[in-house]
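Undergrad: Let me begin by handing over the structure; questions about it come next.
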Amino acid sequence: MSTSSELLAQARRVIPGGVNSPVRAFSAVEGDPPFIDRGEGVHLYDVDGNRYIDLVGSWGPLILGHAHPFVVDAVRAAMARGASFGAPTEAEVRFAEDIVAAVPSVEQVRLVSSGTEATMHALRLARGFTGRDAVLKLDGCYHGAHDTVLVSAGSGVATYARPGSPGILAPATLTAPFNDLDAAVARLEAHPVAAVILEPVAGNMGCVAPAPGYLEGLREACTAHGTLLIFDEVMTGFRLALGGAQERFGVTPDLTCLGKIVGGGLPLAAFGGRREIMQRLSPVGPVYQAGTLSGNPLAVAAGRATLQLLREPGFYDHLEHISEGLEARLAGPVARAGASLSRVGSMMTLFFRATPPRRFAEVKECDFERFARFHRACLEEGVYLPCSQYEAAFLPALLTDEDLDQTAAAIARALARSAA
């Protein structure tokens, strides 16, 4: 038995399922999860001594790879001054200024500790601002683990939770298929909706791009019906561009939720938007939101250091070049396997269906058994990919041409092995 498997057996005695987040259980793929010992640059090393090229990056935030020296030094310096104060700091102010300067929709921002908190509070704020109760979410988008949005959700909910999972209360949540503008408009015409929330590029049913005109149509419809448009850019923020998907696609929401990269690998998230909406938050307004560790110095230091590097000229051109390079290397093997590749910027998913899906229902038509075999083969070939067909991969900016060649060759071998 491997050391990882021994640790999993020990963990199951004291942790439900042996993991602290369901997707880590590897229940949807073959074999046990590797227990990670450390990360360096673009590589992960497990407790059994195996090395992997990491295309998960802690589910998105590690755009600079693991343990980037500039980020590590920033966190070390912050730690020497104190890990948490539960009080304002200058660093929070400067970080908020950085976010406001980068993200088109954000005039004011509130820091929190997780993407779940960001979306939860953004929806509460939308209800408080509009005086309406109902929200509309799109099938397959995942917005964290709170009741309002655990309906028709992607990510681990699609993989591990039962439909109508016990304990979820979401009587005021409406749904519509992603990329179906007519269905969304019909919901807005039939109900007074406080907010439409979606991932502008889905990452939690795999990487699914918005259809041409879809985001623009939602923006127009929300404006016409007095509904706030919320972009959940927890994954896409600072990844698809410095200003996120809203910069890349030229569509400005009313509120934006940020996470992952914004914390530079530490627990940190944010939500922000138009000043008139954000001014409804306590202590200046009636909508309550709070968190003792919100804006804690360590996470803010990591976030500020990361954003400083992302602002360097040419960073996103380089990241796009890397992503295009891997896509080009994989085109032949993927086509021969009867699969398809969907990519937006440095987000990417290999789907086991002939054409890239546009809706959640199409993702569900993928060959999940073959994906499970493929995933295990990738691990054995030294490539660490998301352990669910419902999850996007995230490329780090540090990948070299040699890394891309090795990764593509390993994935090609895994595709061939998975056909058996």
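Going through the structure tokens in order, the chains are called A, B, and so on, while each chain numbers its residues from 1 and the ligands are numbered from 1 in the order shown.
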Could you pull out the helix (DSSP H, G or I) residues of segment 303-409 of chain A from DSSP and send them as a PyMOL selection string?
TA: chain A and resi 303-310+315-336+360-363+368-381+401-409
Undergrad: Residues of segment 95-156 of chain A within 9 Å of segment 179-198 of chain A: nearest atom pair and distance (Å, one decimal) for each, counting only C-alpha atoms, sorted by chain and number, as a Markdown table?
TA:
```
| residue | atom | partner | partner_atom | distance |
| --- | --- | --- | --- | --- |
| A:Thr119 | CA | A:Ile197 | CA | 8.6 |
| A:Leu123 | CA | A:Ala195 | CA | 7.1 |
| A:Ala126 | CA | A:Ala194 | CA | 5.9 |
| A:Arg127 | CA | A:Ala194 | CA | 5.4 |
| A:Gly128 | CA | A:Ala194 | CA | 8.6 |
| A:Phe129 | CA | A:Ala194 | CA | 8.2 |
| A:Thr130 | CA | A:Ala194 | CA | 5.8 |
| A:Gly131 | CA | A:Ala194 | CA | 7.3 |
| A:Arg132 | CA | A:Ala194 | CA | 5.0 |
| A:Asp133 | CA | A:Ala194 | CA | 6.1 |
| A:Ala134 | CA | A:Val193 | CA | 4.9 |
| A:Val135 | CA | A:Ala195 | CA | 5.0 |
| A:Leu136 | CA | A:Val196 | CA | 4.7 |
| A:Lys137 | CA | A:Ile197 | CA | 5.2 |
| A:Leu138 | CA | A:Leu198 | CA | 6.0 |
| A:Asp139 | CA | A:Leu198 | CA | 8.9 |
| A:Cys141 | CA | A:Leu198 | CA | 6.2 |
| A:Tyr142 | CA | A:Leu198 | CA | 8.1 |
| A:His143 | CA | A:Leu198 | CA | 7.9 |
```
Undergrad: Write out as number ranges by chain which residues come within 6 Å of segment 21-38 of chain A when counting only C-alpha atoms, dropping same-chain ones fewer than 5 positions away.
TA: A: 4, 45-47, 156, 372, 376
Undergrad: Name the residues in contact with segment 334-351 of chain A at a cut-off of 9 Å, using only C-alpha atoms, excluding same-chain residues fewer than 2 positions from it; report them as a PyMOL selection string.
TA: chain A and resi 60+201+203+206-209+235-236+239-241+316+319-320+322-324+327+330-332+353-357+363+366-367+371+389-397+412+415-416+419
